[in-house]
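Coordinates from query-v5.cif are shown below (mmCIF, C-alpha atoms).
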data_data
loop_
_atom_site.label_atom_id
_atom_site.label_comp_id
_atom_site.auth_asym_id
_atom_site.auth_seq_id
_atom_site.Cartn_x
_atom_site.Cartn_y
_atom_site.Cartn_z
CA MET A 10 0.00 0.00 0.00
CA LYS A 11 1.50 3.32 -1.05
CA ILE A 12 0.14 6.85 -1.22
CA ALA A 13 1.54 10.19 -2.31
CA LEU A 14 1.08 12.83 0.38
CA GLY A 15 0.94 16.26 -1.21
CA VAL A 16 1.84 19.14 1.08
CA SER A 17 0.95 22.65 -0.05
CA GLY A 18 1.90 26.01 1.41
CA GLY A 19 -0.16 26.78 4.50
CA ILE A 20 0.52 27.11 8.20
CA ALA A 21 -1.09 23.68 8.70
CA ALA A 22 1.71 22.08 6.64
CA TYR A 23 3.46 20.99 9.83
CA LYS A 24 0.48 18.77 10.64
CA ALA A 25 1.20 16.72 7.52
CA ALA A 26 4.16 15.19 9.35
CA GLU A 27 1.86 13.69 11.95
CA ILE A 28 -0.53 12.52 9.21
CA ALA A 29 2.39 10.72 7.55
CA ARG A 30 3.28 8.99 10.80
CA LEU A 31 -0.32 7.93 11.48
CA LEU A 32 -0.69 6.52 7.99
CA GLN A 33 2.53 4.55 8.42
CA ASP A 34 1.14 3.16 11.67
CA ARG A 35 -1.78 1.85 9.57
CA GLY A 36 0.68 0.01 7.30
CA VAL A 37 0.73 2.57 4.48
CA ARG A 38 3.89 3.63 2.65
CA VAL A 39 4.04 7.40 2.28
CA GLN A 40 5.96 9.37 -0.35
CA VAL A 41 5.75 13.11 0.20
CA VAL A 42 5.43 15.64 -2.62
CA MET A 43 5.93 19.28 -1.54
CA THR A 44 5.12 22.52 -3.31
CA ARG A 45 7.67 25.29 -3.21
CA SER A 46 5.50 27.27 -0.79
CA ALA A 47 5.18 24.28 1.55
CA GLN A 48 8.95 24.29 1.99
CA GLU A 49 8.68 27.73 3.61
CA PHE A 50 6.74 26.14 6.50
CA ILE A 51 8.47 22.74 6.93
CA ARG A 52 11.65 21.31 5.46
CA PRO A 53 11.76 18.24 3.18
CA LEU A 54 14.33 16.61 5.48
CA SER A 55 11.66 16.24 8.18
CA PHE A 56 9.49 14.14 5.89
CA ALA A 57 12.44 12.15 4.56
CA ALA A 58 13.43 11.20 8.11
CA LEU A 59 9.85 10.25 9.01
CA THR A 60 9.03 8.20 5.93
CA GLY A 61 12.38 6.85 4.77
CA GLU A 62 11.30 7.80 1.24
CA LYS A 63 12.58 10.38 -1.23
CA VAL A 64 10.73 13.69 -0.87
CA ILE A 65 9.86 15.21 -4.25
CA THR A 66 10.07 18.99 -4.40
CA ASP A 67 10.56 19.86 -8.10
CA LEU A 68 9.16 18.77 -11.43
CA PHE A 69 12.62 18.99 -12.96
CA SER A 70 15.89 18.44 -11.11
CA THR A 71 19.11 19.56 -12.72
CA GLY A 72 22.72 18.66 -12.48
CA GLY A 73 24.80 21.60 -13.63
CA GLU A 74 23.29 22.92 -16.86
CA THR A 75 21.99 19.58 -18.15
CA PRO A 76 18.43 18.64 -17.08
CA ASN A 77 17.96 15.21 -15.53
CA LEU A 78 15.64 13.55 -18.05
CA ASP A 79 14.60 10.83 -15.58
CA SER A 80 12.99 13.50 -13.41
CA ALA A 81 10.97 14.75 -16.37
CA VAL A 82 8.81 11.63 -16.32
CA GLU A 83 8.99 10.85 -12.61
CA HIS A 84 5.43 12.11 -12.11
CA ILE A 85 4.27 9.29 -14.40
CA SER A 86 6.07 6.56 -12.43
CA VAL A 87 4.80 7.95 -9.12
CA ALA A 88 1.28 8.29 -10.55
CA GLN A 89 1.29 4.63 -11.56
CA SER A 90 2.69 3.34 -8.26
CA ILE A 91 0.30 4.96 -5.76
CA HIS A 92 -3.06 3.80 -4.44
CA ALA A 93 -4.18 7.34 -3.58
CA LEU A 94 -3.12 10.97 -3.77
CA VAL A 95 -3.73 12.75 -0.47
CA VAL A 96 -3.21 16.51 -0.08
CA VAL A 97 -2.76 17.94 3.43
CA PRO A 98 -3.23 20.84 3.74
CA ALA A 99 -5.04 21.70 0.51
CA THR A 100 -4.84 25.48 0.11
CA ALA A 101 -7.25 27.59 -1.93
CA ASP A 102 -4.54 27.84 -4.58
CA ILE A 103 -4.06 24.09 -4.95
CA LEU A 104 -7.82 23.49 -5.03
CA ALA A 105 -8.14 26.06 -7.84
CA LYS A 106 -5.32 24.43 -9.82
CA PHE A 107 -6.81 20.98 -9.39
CA ALA A 108 -10.25 22.21 -10.44
CA HIS A 109 -8.94 23.91 -13.59
CA GLY A 110 -6.37 21.29 -14.61
CA ILE A 111 -3.35 23.55 -14.13
CA CYS A 112 -0.08 21.63 -13.82
CA ASP A 113 2.83 23.95 -13.11
CA ASP A 114 4.69 21.87 -10.51
CA PHE A 115 5.11 18.21 -9.53
CA LEU A 116 2.03 17.99 -7.31
CA THR A 117 -0.40 19.49 -9.82
CA THR A 118 1.11 17.44 -12.64
CA LEU A 119 0.83 14.29 -10.53
CA HIS A 120 -2.84 15.12 -9.96
CA LEU A 121 -3.54 15.01 -13.70
CA ALA A 122 -1.35 11.95 -14.30
CA THR A 123 -2.78 9.62 -11.66
CA THR A 124 -5.93 7.51 -11.92
CA ALA A 125 -5.84 6.76 -8.19
CA PRO A 126 -8.43 8.26 -5.82
CA VAL A 127 -7.74 11.84 -4.73
CA ILE A 128 -8.41 13.02 -1.18
CA VAL A 129 -7.94 16.64 -0.14
CA ALA A 130 -8.10 18.19 3.33
CA PRO A 131 -8.60 21.95 2.86
CA ALA A 132 -7.23 24.54 5.30
CA MET A 133 -7.38 28.31 4.85
CA ASN A 134 -8.73 31.62 6.11
CA VAL A 135 -12.50 31.68 6.69
CA ASN A 136 -13.09 34.33 4.03
CA MET A 137 -11.05 32.37 1.49
CA TRP A 138 -13.04 29.24 2.36
CA ASN A 139 -16.37 31.02 1.97
CA HIS A 140 -15.40 32.80 -1.26
CA ALA A 141 -17.58 31.88 -4.23
CA ALA A 142 -14.54 30.89 -6.30
CA THR A 143 -13.35 28.39 -3.68
CA GLN A 144 -16.83 26.92 -3.24
CA GLN A 145 -17.21 26.59 -7.01
CA ASN A 146 -13.84 24.82 -7.23
CA LEU A 147 -14.88 22.43 -4.47
CA GLN A 148 -18.13 21.71 -6.31
CA THR A 149 -16.18 20.95 -9.47
CA LEU A 150 -13.82 18.60 -7.63
CA ARG A 151 -16.67 16.77 -5.89
CA ALA A 152 -18.37 16.26 -9.25
CA ARG A 153 -15.17 14.60 -10.51
CA GLY A 154 -15.10 12.22 -7.55
CA VAL A 155 -12.46 13.97 -5.43
CA HIS A 156 -12.98 13.21 -1.74
CA ILE A 157 -13.11 16.32 0.45
CA VAL A 158 -12.29 16.05 4.16
CA GLU A 159 -14.27 19.04 5.34
CA PRO A 160 -12.42 21.56 7.52
CA GLY A 161 -13.60 22.38 11.00
CA SER A 162 -14.50 25.71 12.56
CA GLY A 163 -12.68 27.52 15.30
CA TYR A 164 -9.82 29.87 16.00
CA LEU A 165 -7.62 30.19 12.90
CA ALA A 166 -3.93 31.02 12.64
CA CYS A 167 -4.80 34.38 11.07
CA GLY A 168 -6.62 35.39 14.26
CA MET A 169 -10.12 35.03 12.82
CA ILE A 170 -12.78 32.57 13.95
CA GLY A 171 -14.78 30.43 11.53
CA ALA A 172 -14.59 27.60 9.01
CA GLY A 173 -11.30 26.71 7.37
CA ARG A 174 -9.44 24.92 10.15
CA LEU A 175 -7.75 21.68 9.03
CA ALA A 176 -9.74 18.60 10.04
CA ALA A 177 -8.44 16.52 12.94
CA ASN A 178 -5.53 14.22 12.09
CA GLU A 179 -7.41 11.02 12.89
CA ALA A 180 -10.39 12.17 10.82
CA ILE A 181 -8.13 12.67 7.80
CA VAL A 182 -6.43 9.29 8.25
CA ASP A 183 -9.78 7.52 8.73
CA ALA A 184 -11.08 9.17 5.56
CA VAL A 185 -8.03 7.96 3.62
CA MET A 186 -8.40 4.40 4.89
CA GLN A 187 -12.13 4.44 4.11
CA VAL A 188 -11.47 5.56 0.54
CA LEU A 189 -8.89 2.79 0.18
CA GLU A 190 -11.44 0.36 1.63
CA VAL A 191 -8.97 -1.35 3.93
CA LYS A 192 -9.04 -2.04 7.62
CA PRO A 193 -6.38 -0.39 9.79
CA GLY A 194 -3.06 -2.10 9.15
CA ALA A 195 -4.26 -4.04 6.11
CA ALA A 196 -2.30 -4.01 2.87
CA ALA A 197 -4.06 -3.82 -0.49
CA GLU A 198 -1.18 -5.35 -2.42
CA ARG A 199 -1.29 -9.12 -2.97
CA ASP A 200 2.21 -9.34 -4.40
CA LEU A 201 3.23 -12.36 -2.31
CA VAL A 202 0.59 -14.78 -3.59
CA GLY A 203 2.37 -18.06 -4.31
CA GLU A 204 5.09 -17.53 -1.71
CA THR A 205 5.35 -19.65 1.45
CA ILE A 206 7.09 -17.52 4.06
CA LEU A 207 8.61 -19.14 7.13
CA VAL A 208 8.83 -16.59 9.95
CA THR A 209 10.37 -17.05 13.39
CA ALA A 210 9.40 -14.79 16.26
CA GLY A 211 9.79 -14.18 19.98
CA PRO A 212 12.42 -15.32 22.47
CA THR A 213 13.55 -18.79 23.40
CA ARG A 214 13.91 -20.13 26.94
CA GLU A 215 16.70 -22.34 28.20
CA LYS A 216 15.86 -24.22 31.41
CA ILE A 217 18.00 -23.92 34.52
CA ASP A 218 15.73 -26.10 36.65
CA PRO A 219 11.98 -26.94 36.58
CA VAL A 220 10.99 -23.33 37.46
CA ARG A 221 13.80 -21.09 36.18
CA TYR A 222 15.12 -20.30 32.73
CA ILE A 223 17.44 -18.01 30.76
CA SER A 224 15.73 -15.80 28.19
CA ASN A 225 15.72 -12.27 26.72
CA ARG A 226 13.48 -9.22 26.31
CA SER A 227 11.95 -10.09 22.93
CA SER A 228 8.16 -9.67 22.87
CA GLY A 229 7.63 -11.20 19.43
CA LYS A 230 6.00 -8.01 18.06
CA MET A 231 8.39 -7.63 15.12
CA GLY A 232 8.10 -11.23 14.01
CA TYR A 233 4.32 -11.19 14.41
CA ALA A 234 4.13 -7.96 12.36
CA ILE A 235 6.10 -9.66 9.58
CA ALA A 236 3.85 -12.73 9.71
CA GLU A 237 0.70 -10.61 9.59
CA ALA A 238 1.96 -8.39 6.77
CA SER A 239 3.03 -11.47 4.78
CA ALA A 240 -0.42 -13.01 5.14
CA GLN A 241 -2.11 -9.74 4.17
CA ARG A 242 -0.04 -9.64 1.00
CA GLY A 243 -1.21 -13.10 -0.01
CA ALA A 244 1.53 -15.44 1.22
CA ARG A 245 1.04 -18.69 3.05
CA VAL A 246 2.79 -18.11 6.38
CA LEU A 247 4.50 -20.69 8.58
CA LEU A 248 5.11 -18.99 11.94
CA VAL A 249 7.40 -20.64 14.47
CA THR A 250 7.11 -18.70 17.71
CA GLY A 251 8.80 -18.87 21.05
CA PRO A 252 6.95 -17.85 24.26
CA ALA A 253 6.16 -14.30 23.10
CA THR A 254 4.06 -11.79 25.04
CA ALA A 255 2.62 -10.09 21.94
CA LYS A 256 -0.88 -10.94 20.71
CA LEU A 257 -0.82 -13.60 18.01
CA PRO A 258 -2.40 -12.46 14.69
CA GLU A 259 -5.62 -14.26 13.75
CA LEU A 260 -5.38 -14.94 10.02
CA ALA A 261 -6.64 -17.84 7.93
CA ASN A 262 -3.40 -18.32 6.00
CA LEU A 263 -1.22 -18.37 9.15
CA GLU A 264 0.04 -21.76 10.41
CA VAL A 265 1.54 -21.56 13.90
CA THR A 266 4.08 -23.82 15.59
CA ARG A 267 4.86 -23.03 19.24
CA VAL A 268 8.25 -23.84 20.73
CA GLU A 269 10.18 -22.96 23.86
CA SER A 270 13.87 -23.80 23.61
CA THR A 271 16.36 -23.05 20.86
CA ASP A 272 16.64 -26.75 20.12
CA GLU A 273 12.86 -26.99 19.68
CA MET A 274 12.91 -23.98 17.36
CA ARG A 275 15.72 -25.52 15.32
CA SER A 276 13.81 -28.77 14.86
CA ALA A 277 10.61 -26.97 13.88
CA VAL A 278 12.32 -24.63 11.43
CA LEU A 279 14.38 -27.31 9.71
CA GLY A 280 11.30 -29.50 9.45
CA LEU A 281 9.33 -26.75 7.70
CA LEU A 282 12.21 -25.44 5.57
CA PRO A 283 11.50 -27.60 2.48
CA GLN A 284 8.04 -26.02 2.19
CA ALA A 285 9.30 -22.43 2.34
CA THR A 286 10.20 -20.12 -0.52
CA VAL A 287 11.25 -17.33 1.88
CA VAL A 288 12.65 -17.51 5.42
CA ILE A 289 12.61 -14.45 7.69
CA LYS A 290 14.40 -15.21 10.94
CA ALA A 291 13.16 -12.51 13.34
CA ALA A 292 13.29 -14.55 16.55
CA ALA A 293 15.70 -13.55 19.32
CA VAL A 294 17.19 -17.00 19.76
CA GLY A 295 19.22 -17.75 22.87
CA ASP A 296 22.92 -18.15 22.14
CA TYR A 297 23.58 -20.49 25.09
CA HIS A 298 21.91 -23.26 27.07
CA VAL A 299 22.69 -24.70 30.51
CA LYS A 300 24.93 -27.73 30.20
CA ALA A 301 23.34 -29.62 33.08
CA ILE A 302 19.67 -28.78 33.85
CA ALA A 303 18.85 -29.43 37.51
CA GLU A 304 16.24 -32.16 37.98
CA HIS A 305 14.69 -30.34 40.94
CA LYS A 306 14.34 -26.69 41.89
CA ILE A 307 17.68 -25.29 43.00
CA LYS A 308 17.40 -24.10 46.60
CA ARG A 309 18.52 -20.66 47.64
CA GLY A 310 22.02 -20.68 49.10
CA GLY A 311 25.43 -19.27 48.33
CA PRO A 312 26.81 -18.22 44.95
CA LEU A 313 25.61 -20.25 41.98
CA THR A 314 27.70 -20.96 38.91
CA LEU A 315 26.05 -22.12 35.70
CA GLU A 316 28.08 -23.75 32.96
CA LEU A 317 26.73 -22.70 29.56
CA GLU A 318 27.25 -24.26 26.17
CA PRO A 319 26.64 -22.56 22.82
CA ASN A 320 23.41 -23.26 20.96
CA PRO A 321 23.49 -24.17 17.27
CA ASP A 322 23.35 -21.21 14.87
CA ILE A 323 19.95 -21.87 13.28
CA LEU A 324 20.21 -19.03 10.78
CA LYS A 325 23.58 -20.19 9.48
CA GLU A 326 22.29 -23.75 9.22
CA ILE A 327 19.23 -22.62 7.24
CA ALA A 328 21.38 -20.66 4.80
CA ALA A 329 23.69 -23.65 4.36
CA ARG A 330 20.76 -25.96 3.61
CA LYS A 331 18.77 -23.63 1.35
CA HIS A 332 18.19 -24.70 -2.22
CA ASN A 333 16.58 -21.67 -3.81
CA GLN A 334 14.90 -20.00 -0.85
CA ILE A 335 15.41 -16.35 0.04
CA VAL A 336 16.83 -16.12 3.57
CA ILE A 337 16.57 -12.88 5.55
CA GLY A 338 18.13 -12.62 9.00
CA PHE A 339 18.02 -10.14 11.86
CA ALA A 340 20.93 -8.68 13.79
CA ALA A 341 20.25 -6.99 17.12
CA GLU A 342 23.31 -4.81 17.72
CA THR A 343 24.46 -2.21 20.23
CA GLN A 344 27.60 -0.95 18.46
CA ASP A 345 29.26 -0.99 15.02
CA LEU A 346 25.87 -1.80 13.50
CA LEU A 347 26.73 -1.75 9.81
CA ALA A 348 30.11 -3.45 10.18
CA ASN A 349 28.66 -6.26 12.28
CA GLY A 350 25.66 -6.55 9.97
CA ARG A 351 27.77 -6.85 6.83
CA LYS A 352 29.96 -9.44 8.52
CA LYS A 353 26.91 -11.58 9.36
CA LEU A 354 25.47 -11.11 5.87
CA GLU A 355 28.63 -12.58 4.36
CA SER A 356 29.58 -15.17 6.96
CA LYS A 357 26.08 -16.69 7.09
CA SER A 358 25.48 -16.49 3.30
CA LEU A 359 22.23 -14.52 3.70
CA ASP A 360 20.27 -12.74 0.99
CA ALA A 361 19.50 -9.84 3.34
CA ILE A 362 19.90 -8.87 6.96
CA VAL A 363 17.86 -6.45 9.07
CA ILE A 364 19.93 -4.52 11.59
CA ASN A 365 18.38 -2.80 14.57
CA ASP A 366 20.03 -0.88 17.40
CA VAL A 367 18.65 -2.49 20.56
CA SER A 368 20.46 0.03 22.78
CA ARG A 369 18.01 2.82 21.80
CA ASP A 370 15.16 3.58 24.18
CA GLY A 371 11.59 3.50 22.89
CA ILE A 372 12.16 1.22 19.90
CA GLY A 373 13.05 -2.42 19.34
CA PHE A 374 12.41 -4.77 22.25
CA ASP A 375 8.83 -4.73 23.59
CA SER A 376 7.96 -1.57 21.60
CA ASP A 377 5.46 -0.98 18.79
CA ARG A 378 8.08 1.05 16.90
CA ASN A 379 11.42 0.27 15.32
CA ALA A 380 14.17 1.74 13.15
CA VAL A 381 16.30 -0.56 11.00
CA THR A 382 18.79 -0.78 8.18
CA ILE A 383 18.20 -3.53 5.62
CA LEU A 384 21.40 -4.76 4.02
CA THR A 385 21.53 -6.79 0.81
CA ARG A 386 24.46 -7.57 -1.44
CA ASP A 387 23.31 -4.73 -3.72
CA GLY A 388 23.09 -1.99 -1.10
CA GLU A 389 21.23 -0.80 1.96
CA THR A 390 17.79 0.58 2.81
CA VAL A 391 17.42 2.79 5.87
CA VAL A 392 13.99 2.69 7.52
CA ALA A 393 13.66 5.63 9.92
CA GLU A 394 11.73 5.18 13.16
CA THR A 395 8.20 4.05 12.38
CA SER A 396 5.68 1.38 13.36
CA LYS A 397 6.76 -2.25 13.30
CA CYS A 398 3.92 -2.82 10.83
CA GLU A 399 5.56 -0.39 8.40
CA VAL A 400 9.01 -1.92 9.02
CA ALA A 401 7.52 -5.33 8.22
CA HIS A 402 6.22 -4.12 4.87
CA ARG A 403 9.55 -2.48 4.04
CA ILE A 404 11.28 -5.81 4.69
CA LEU A 405 8.76 -7.65 2.51
CA ASP A 406 9.36 -5.09 -0.25
CA GLN A 407 12.85 -6.62 -0.59
CA ILE A 408 11.46 -9.99 -1.69
CA SER A 409 10.60 -8.96 -5.25
CA PRO A 410 14.09 -7.72 -6.18
CA LEU A 411 15.69 -10.64 -4.37
CA ARG A 412 13.36 -13.04 -6.18
CA ALA A 413 14.72 -11.78 -9.49
CA HIS A 414 18.06 -13.39 -8.60
CA ARG A 415 16.54 -16.64 -7.34
CA PRO A 416 16.39 -19.72 -9.60
CA ALA A 417 12.92 -21.05 -10.39
CA ARG A 418 11.74 -23.79 -8.02
CA ALA A 419 11.94 -27.30 -9.36
#

File written out as structure tokens:
Amino acid sequence: MKIALGVSGGIAAYKAAEIARLLQDRGVRVQVVMTRSAQEFIRPLSFAALTGEKVITDLFSTGGETPNLDSAVEHISVAQSIHALVVVPATADILAKFAHGICDDFLTTLHLATTAPVIVAPAMNVNMWNHAATQQNLQTLRARGVHIVEPGSGYLACGMIGAGRLAANEAIVDAVMQVLEVKPGAAAERDLVGETILVTAGPTREKIDPVRYISNRSSGKMGYAIAEASAQRGARVLLVTGPATAKLPELANLEVTRVESTDEMRSAVLGLLPQATVVIKAAAVGDYHVKAIAEHKIKRGGPLTLELEPNPDILKEIAARKHNQIVIGFAAETQDLLANGRKKLESKSLDAIVINDVSRDGIGFDSDRNAVTILTRDGETVVAETSKCEVAHRILDQISPLRAHRPARA
């Protein structure tokens, strides 16, 4: 699911940043298109950091004196790739241009080039809103099927009171999702039909005695988000989950295997591997197990020493056994993220690896948000802080280009 978010030049332009975030939380990819006037109120860098996507600001970009011809037709490629064009805020000027078919910048040209639904959220001075020209333009746009998110009334930035105040953020997002006819978090694309995706999620537990164990902080939210997004996009999903605290998705094409220890996860994953076309190893698997598990509960006493032995490297074993599957791993790091990630990508013969900084507060473990870098052999994709649902879709977006290098299944 992808939309273009047009931002035009009004004081409410700063609210478009929150709209972008809320749409991402619903599983929507957002590419921002800004008018020149909009850049006087908020900088493109803010949107780039929020969305992880290129922010388009000009119809033509130039390098020296030679125009970049690729940019001359970029509005066509964007127009064909989006499921909706959403404009927040929509000024009186942009409404007039849309109504009269004027295309003098990227946003107005995109409006004429796309066949996707158009949603506009007007915001302006009360007198501008009530002006006959504006009302006539709105009537024209409604007649063409443009969806108008009506502004509210109240105290305006200009100091006046009346209609013209940008609608509430949630009202705009709900209107967009209603037009797209999807439930919150659902993806319209069915680009993974025919794939069988094996996903691992959650922590593992290694017993010390009958009541104690060694584990980690993983909640399973990231793995579950990947499983849910995969199912939404049409894949058959084989989910192997440790004892996670997150709520398990309820989807018809989701087949769940529950495990506890690393050894149990290894057995389950290797058993399902022949069925999979893609493996995404998001589980936080324990690196060690207790050499000698106590038969009875260990009584409190003096110092206790546990002898640990290394667990098998499931991800490396999967990659070694793969025939033509795509294998994507995760690397939870606290330092030297890219260097450690590239090392694991090569040493474990992975197709891609997702690196996240687990030392950052508010993202990663037991959070609904994350920020990652996806490394492949062809480059890297940085996903700025966003919902784990959006991160999941960005990871799944890698499958198509990776598939191009994968031999056909026998």

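Taking all atoms listed in the file into account, the residues near (18.6, -20.2, 30.1), no farther than 9 Å, are Thr213, Arg214, Glu215, Lys216, Ile217, Arg221, Tyr222, Ile223, Ser224, Ser270, Gly295, Tyr297, His298, Val299 and Leu317 of chain A.
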
Show which residues sit within 12 Å of Asn262 (chain A), as a PyMOL selection string. Count only C-alpha atoms, and ignore same-chain residues fewer than 5 positions away.
chain A and resi 202-206+236-248

One number please: CA of Pro212 (chain A) to CA of Ile372 (chain A), in Å, one decimal.
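Interatomic distance, CA of Pro212 (chain A) to CA of Ile372 (chain A): 16.7 Å.
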
Quick check on the file I pasted: which residues fall under the PyMOL selection byres ((chain A and resi 287) around 9)? Write them as a PyMOL selection string.
chain A and resi 204-208+282+285-286+288-289+333-337+408

Taking all atoms listed in the file into account, name the residue in A:His109, A:Arg351, A:Lys325, A:Arg45 that is nearest to Leu68 (chain A).
A:Arg45

Just to confirm, what's the straight-line distance from CA of Glu326 (chain A) to CA of Gln344 (chain A) in Å (one decimal)?
25.2 Å

Report the residues retrieved by the PyMOL selection byres ((chain A and resi 107) around 12) from the displayed file, expressed as JSON, numbers by chain.
{"A": [96, 99, 100, 101, 102, 103, 104, 105, 106, 108, 109, 110, 111, 112, 113, 114, 116, 117, 118, 119, 120, 121, 122, 127, 128, 129, 143, 146, 147, 148, 149, 150, 151, 153, 155]}

Choose the residue, out of A:Met133, A:Met274, A:Val158, A:Leu263, that has the smallest atom-to-atom separation from Gly251 (chain A); count only C-alpha atoms.
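Of A:Met133, A:Met274, A:Val158, A:Leu263, the one nearest Gly251 (chain A), counting only C-alpha atoms, is A:Met274.
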
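When CA of Thr266 (chain A) is paired with CA of Ala292 (chain A), their separation reads 13.1 Å.
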
Determine the residue membership of the PyMOL selection byres ((chain A and resi 375-382) around 6) for the file above and supply it as a list in words.
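Against this file, the PyMOL selection byres ((chain A and resi 375-382) around 6) returns the residues Ser228, Val363, Ile364, Asn365, Ile372, Gly373, Phe374, Ile383, Thr390, Val391, Val392, Ala393, Glu394, Thr395, Ser396 and Lys397 of chain A.
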
Cut-off 9 Å around (11.2, 15.6, 0.9) with all atoms listed in the file: residues as a list in words
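Counting all atoms listed in the file, I find these residues within 9 Å of (11.2, 15.6, 0.9): Gln40, Val41, Val42, Met43, Arg52, Pro53, Leu54, Ser55, Phe56, Ala57, Ala58, Glu62, Lys63, Val64, Ile65 and Thr66 of chain A.
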
Judged by only C-alpha atoms, the minimum distance to Lys306 (chain A) among A:Val220, A:Leu384, A:Leu31, A:Ala277 is found for A:Val220

Let me make sure I understand: among A:Val87, A:Ala22, A:Ala210, A:Leu411, which one has the smallest atom-to-atom distance to Lys256 (chain A) if we use all atoms listed in the file?
A:Ala210

Nearest residue to Gly36 (chain A) out of A:Thr60, A:Thr385, A:Gln145, A:Ser86, using only C-alpha atoms?
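Closest candidate: A:Thr60.
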
Final N, CA and C atoms of region 332-349 of chain A as a PDB file, in the coordinates of the input:
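File written: selection_8.pdb
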ATOM      1  N   HIS A 332      18.038 -24.337  -0.818  1.00  0.00           N
ATOM      2  CA  HIS A 332      18.190 -24.700  -2.220  1.00  0.00           C
ATOM      3  C   HIS A 332      18.002 -23.463  -3.086  1.00  0.00           C
ATOM      4  N   ASN A 333      16.810 -22.904  -3.075  1.00  0.00           N
ATOM      5  CA  ASN A 333      16.580 -21.670  -3.810  1.00  0.00           C
ATOM      6  C   ASN A 333      15.716 -20.693  -3.015  1.00  0.00           C
ATOM      7  N   GLN A 334      15.659 -20.894  -1.694  1.00  0.00           N
ATOM      8  CA  GLN A 334      14.900 -20.000  -0.850  1.00  0.00           C
ATOM      9  C   GLN A 334      15.632 -18.663  -0.628  1.00  0.00           C
ATOM     10  N   ILE A 335      14.867 -17.628  -0.418  1.00  0.00           N
ATOM     11  CA  ILE A 335      15.410 -16.350   0.040  1.00  0.00           C
ATOM     12  C   ILE A 335      15.499 -16.419   1.561  1.00  0.00           C
ATOM     13  N   VAL A 336      16.641 -16.078   2.122  1.00  0.00           N
ATOM     14  CA  VAL A 336      16.830 -16.120   3.570  1.00  0.00           C
ATOM     15  C   VAL A 336      17.196 -14.728   4.071  1.00  0.00           C
ATOM     16  N   ILE A 337      16.371 -14.210   4.968  1.00  0.00           N
ATOM     17  CA  ILE A 337      16.570 -12.880   5.550  1.00  0.00           C
ATOM     18  C   ILE A 337      16.749 -13.037   7.053  1.00  0.00           C
ATOM     19  N   GLY A 338      17.851 -12.524   7.576  1.00  0.00           N
ATOM     20  CA  GLY A 338      18.130 -12.620   9.000  1.00  0.00           C
ATOM     21  C   GLY A 338      17.962 -11.293   9.707  1.00  0.00           C
ATOM     22  N   PHE A 339      18.042 -11.340  11.022  1.00  0.00           N
ATOM     23  CA  PHE A 339      18.020 -10.140  11.860  1.00  0.00           C
ATOM     24  C   PHE A 339      19.302 -10.088  12.676  1.00  0.00           C
ATOM     25  N   ALA A 340      19.756  -8.877  12.939  1.00  0.00           N
ATOM     26  CA  ALA A 340      20.930  -8.680  13.790  1.00  0.00           C
ATOM     27  C   ALA A 340      20.611  -7.586  14.799  1.00  0.00           C
ATOM     28  N   ALA A 341      20.455  -7.964  16.045  1.00  0.00           N
ATOM     29  CA  ALA A 341      20.250  -6.990  17.120  1.00  0.00           C
ATOM     30  C   ALA A 341      21.620  -6.567  17.626  1.00  0.00           C
ATOM     31  N   GLU A 342      21.967  -5.298  17.404  1.00  0.00           N
ATOM     32  CA  GLU A 342      23.310  -4.810  17.720  1.00  0.00           C
ATOM     33  C   GLU A 342      23.249  -3.609  18.666  1.00  0.00           C
ATOM     34  N   THR A 343      24.345  -3.382  19.361  1.00  0.00           N
ATOM     35  CA  THR A 343      24.460  -2.210  20.230  1.00  0.00           C
ATOM     36  C   THR A 343      25.618  -1.307  19.832  1.00  0.00           C
ATOM     37  N   GLN A 344      26.482  -1.771  18.927  1.00  0.00           N
ATOM     38  CA  GLN A 344      27.600  -0.950  18.460  1.00  0.00           C
ATOM     39  C   GLN A 344      28.079  -1.490  17.096  1.00  0.00           C
ATOM     40  N   ASP A 345      28.737  -0.610  16.337  1.00  0.00           N
ATOM     41  CA  ASP A 345      29.260  -0.990  15.020  1.00  0.00           C
ATOM     42  C   ASP A 345      28.210  -1.730  14.201  1.00  0.00           C
ATOM     43  N   LEU A 346      27.023  -1.126  14.093  1.00  0.00           N
ATOM     44  CA  LEU A 346      25.870  -1.800  13.500  1.00  0.00           C
ATOM     45  C   LEU A 346      26.132  -2.294  12.089  1.00  0.00           C
ATOM     46  N   LEU A 347      26.565  -1.385  11.221  1.00  0.00           N
ATOM     47  CA  LEU A 347      26.730  -1.750   9.810  1.00  0.00           C
ATOM     48  C   LEU A 347      27.864  -2.747   9.621  1.00  0.00           C
ATOM     49  N   ALA A 348      28.969  -2.538  10.320  1.00  0.00           N
ATOM     50  CA  ALA A 348      30.110  -3.450  10.180  1.00  0.00           C
ATOM     51  C   ALA A 348      29.738  -4.854  10.632  1.00  0.00           C
ATOM     52  N   ASN A 349      29.071  -4.945  11.784  1.00  0.00           N
ATOM     53  CA  ASN A 349      28.660  -6.260  12.280  1.00  0.00           C
ATOM     54  C   ASN A 349      27.610  -6.889  11.378  1.00  0.00           C
TER      55      ASN A 349
END
